[in-house]
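Peer 1: Next up, protein-v4.cif (mmCIF, C-alpha atoms).
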```
data_coords
#
loop_
_atom_site.group_PDB
_atom_site.id
_atom_site.type_symbol
_atom_site.label_atom_id
_atom_site.label_comp_id
_atom_site.auth_asym_id
_atom_site.auth_seq_id
_atom_site.Cartn_x
_atom_site.Cartn_y
_atom_site.Cartn_z
ATOM 1 C CA MET H 1 22.940 -14.678 -38.943
ATOM 2 C CA ALA H 2 20.591 -16.049 -41.552
ATOM 3 C CA PHE H 3 21.862 -18.284 -44.333
ATOM 4 C CA GLY H 4 25.024 -19.221 -42.444
ATOM 5 C CA VAL H 5 26.759 -15.920 -43.119
ATOM 6 C CA ASP H 6 29.248 -14.811 -40.471
ATOM 7 C CA PRO H 7 27.883 -11.692 -38.705
ATOM 8 C CA ALA H 8 31.383 -10.232 -38.320
ATOM 9 C CA GLU H 9 31.923 -10.472 -42.082
ATOM 10 C CA CYS H 10 28.534 -8.883 -42.801
ATOM 11 C CA ALA H 11 29.312 -6.045 -40.409
ATOM 12 C CA ARG H 12 32.760 -5.534 -41.932
ATOM 13 C CA ARG H 13 31.370 -5.357 -45.457
ATOM 14 C CA ALA H 14 28.663 -2.938 -44.344
ATOM 15 C CA GLY H 15 31.267 -0.789 -42.598
ATOM 16 C CA GLN H 16 29.526 -1.271 -39.257
ATOM 17 C CA SER H 17 30.249 -2.929 -35.936
ATOM 18 C CA ILE H 18 28.521 -6.182 -35.010
ATOM 19 C CA GLN H 19 26.600 -4.290 -32.311
ATOM 20 C CA VAL H 20 25.196 -1.861 -34.892
ATOM 21 C CA LEU H 21 24.410 -4.721 -37.253
ATOM 22 C CA PHE H 22 22.389 -6.579 -34.644
ATOM 23 C CA ARG H 23 20.740 -3.446 -33.242
ATOM 24 C CA TYR H 24 19.377 -2.331 -36.606
ATOM 25 C CA TYR H 25 18.678 -5.748 -38.036
ATOM 26 C CA ALA H 26 17.302 -7.422 -34.904
ATOM 27 C CA LYS H 27 13.711 -7.307 -36.207
ATOM 28 C CA PHE H 28 14.745 -8.783 -39.545
ATOM 29 C CA LEU H 29 16.730 -11.520 -37.802
ATOM 30 C CA ALA H 30 13.794 -12.355 -35.521
ATOM 31 C CA GLU H 31 11.450 -12.559 -38.520
ATOM 32 C CA ALA H 32 13.906 -14.829 -40.348
ATOM 33 C CA ARG H 33 14.131 -17.043 -37.252
ATOM 34 C CA ASP H 34 10.335 -17.193 -36.964
ATOM 35 C CA HIS H 35 10.045 -18.104 -40.641
ATOM 36 C CA ALA H 36 12.661 -20.859 -40.262
ATOM 37 C CA ASN H 37 10.849 -22.212 -37.194
ATOM 38 C CA HIS H 38 7.580 -22.268 -39.138
ATOM 39 C CA LEU H 39 9.179 -24.216 -41.992
ATOM 40 C CA ILE H 40 10.735 -26.697 -39.572
ATOM 41 C CA GLU H 41 7.457 -27.207 -37.704
ATOM 42 C CA GLU H 42 5.566 -27.698 -40.968
ATOM 43 C CA SER H 43 8.120 -30.237 -42.138
ATOM 44 C CA MET H 44 7.882 -32.109 -38.843
ATOM 45 C CA ARG H 45 4.071 -32.215 -39.111
ATOM 46 C CA ARG H 46 4.349 -33.672 -42.610
ATOM 47 C CA TRP H 47 6.916 -36.212 -41.431
ATOM 48 C CA ASP H 48 4.677 -37.260 -38.520
ATOM 49 C CA GLY H 49 1.725 -37.617 -40.889
ATOM 50 C CA SER H 50 3.661 -39.779 -43.354
ATOM 51 C CA THR H 51 5.009 -42.101 -40.645
ATOM 52 C CA GLU H 52 1.536 -42.550 -39.130
ATOM 53 C CA THR H 53 0.085 -43.493 -42.505
ATOM 54 C CA THR H 54 2.891 -45.953 -43.175
ATOM 55 C CA ALA H 55 2.604 -47.514 -39.718
ATOM 56 C CA GLY H 56 -1.155 -47.961 -40.079
ATOM 57 C CA GLU H 57 -0.957 -49.822 -43.370
#
```
Would you mind giving the structure from this file in structure tokens?
Peer 2:
Amino acid sequence: MAFGVDPAECARRAGQSIQVLFRYYAKFLAEARDHANHLIEESMRRWDGSTETTAGE
């Protein structure tokens, strides 16, 4: 689950099973994953750009 929270604990606190949690929140989880991937890719592009500039100097 996002933010390192244990899905079983989230389900317990919501009074739901893990299956229900993932069934109803699957779209949210996919969007959170896509957002995280975007941030990682952007960071990697910046890193690649900074190492190229440093290497060319």
Peer 1: List every protein, DNA or RNA residue that has an atom no more than 12 Å from (20.2, -14.9, -44.1) in the file's coordinate frame, counting all atoms listed in the file, and report them as a list in words.
Peer 2: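 With a cut-off of 12 Å, the residues come to Met1, Ala2, Phe3, Gly4, Val5, Asp6, Pro7, Cys10, Tyr25, Phe28, Leu29, Ala30, Glu31, Ala32, Arg33, His35 and Ala36 of chain H.
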Peer 1: Deliver the residues from the most recent selection as a file, using C-alpha atoms, as a CSV table (one decimal), keeping the file's coordinate frame.
Peer 2:
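Generated output (part-v2.csv):
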```csv
chain,number,residue,atom,x,y,z
H,1,MET,CA,22.9,-14.7,-38.9
H,2,ALA,CA,20.6,-16.0,-41.6
H,3,PHE,CA,21.9,-18.3,-44.3
H,4,GLY,CA,25.0,-19.2,-42.4
H,5,VAL,CA,26.8,-15.9,-43.1
H,6,ASP,CA,29.2,-14.8,-40.5
H,7,PRO,CA,27.9,-11.7,-38.7
H,10,CYS,CA,28.5,-8.9,-42.8
H,25,TYR,CA,18.7,-5.7,-38.0
H,28,PHE,CA,14.7,-8.8,-39.5
H,29,LEU,CA,16.7,-11.5,-37.8
H,30,ALA,CA,13.8,-12.4,-35.5
H,31,GLU,CA,11.4,-12.6,-38.5
H,32,ALA,CA,13.9,-14.8,-40.3
H,33,ARG,CA,14.1,-17.0,-37.3
H,35,HIS,CA,10.0,-18.1,-40.6
H,36,ALA,CA,12.7,-20.9,-40.3
```
Peer 1: One decimal, Å: what's the distance from CA of Leu39 in chain H over to CA of Lys27 in chain H, could you say?
Peer 2: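 Between these atoms lies a distance of 18.4 Å.
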Peer 1: Distance CA of Arg23 in chain H-CA of Ile40 in chain H, one decimal place?
Peer 2: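 If I compute the distance from CA of Arg23 in chain H to CA of Ile40 in chain H, I get 26.1 Å.
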Peer 1: Kindly give the distance, in Å, that separates CA of Glu41 in chain H and CA of Ala26 in chain H, rounded to a single decimal.
Peer 2: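 Separating CA of Glu41 in chain H from CA of Ala26 in chain H is a distance of 22.3 Å.
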Peer 1: Find the residues around Ala8 in chain H up to 12 Å (only C-alpha atoms counted), leave out those fewer than 2 positions away in its own chain, and share them as a PyMOL selection string.
Peer 2: chain H and resi 1+4-6+10-22
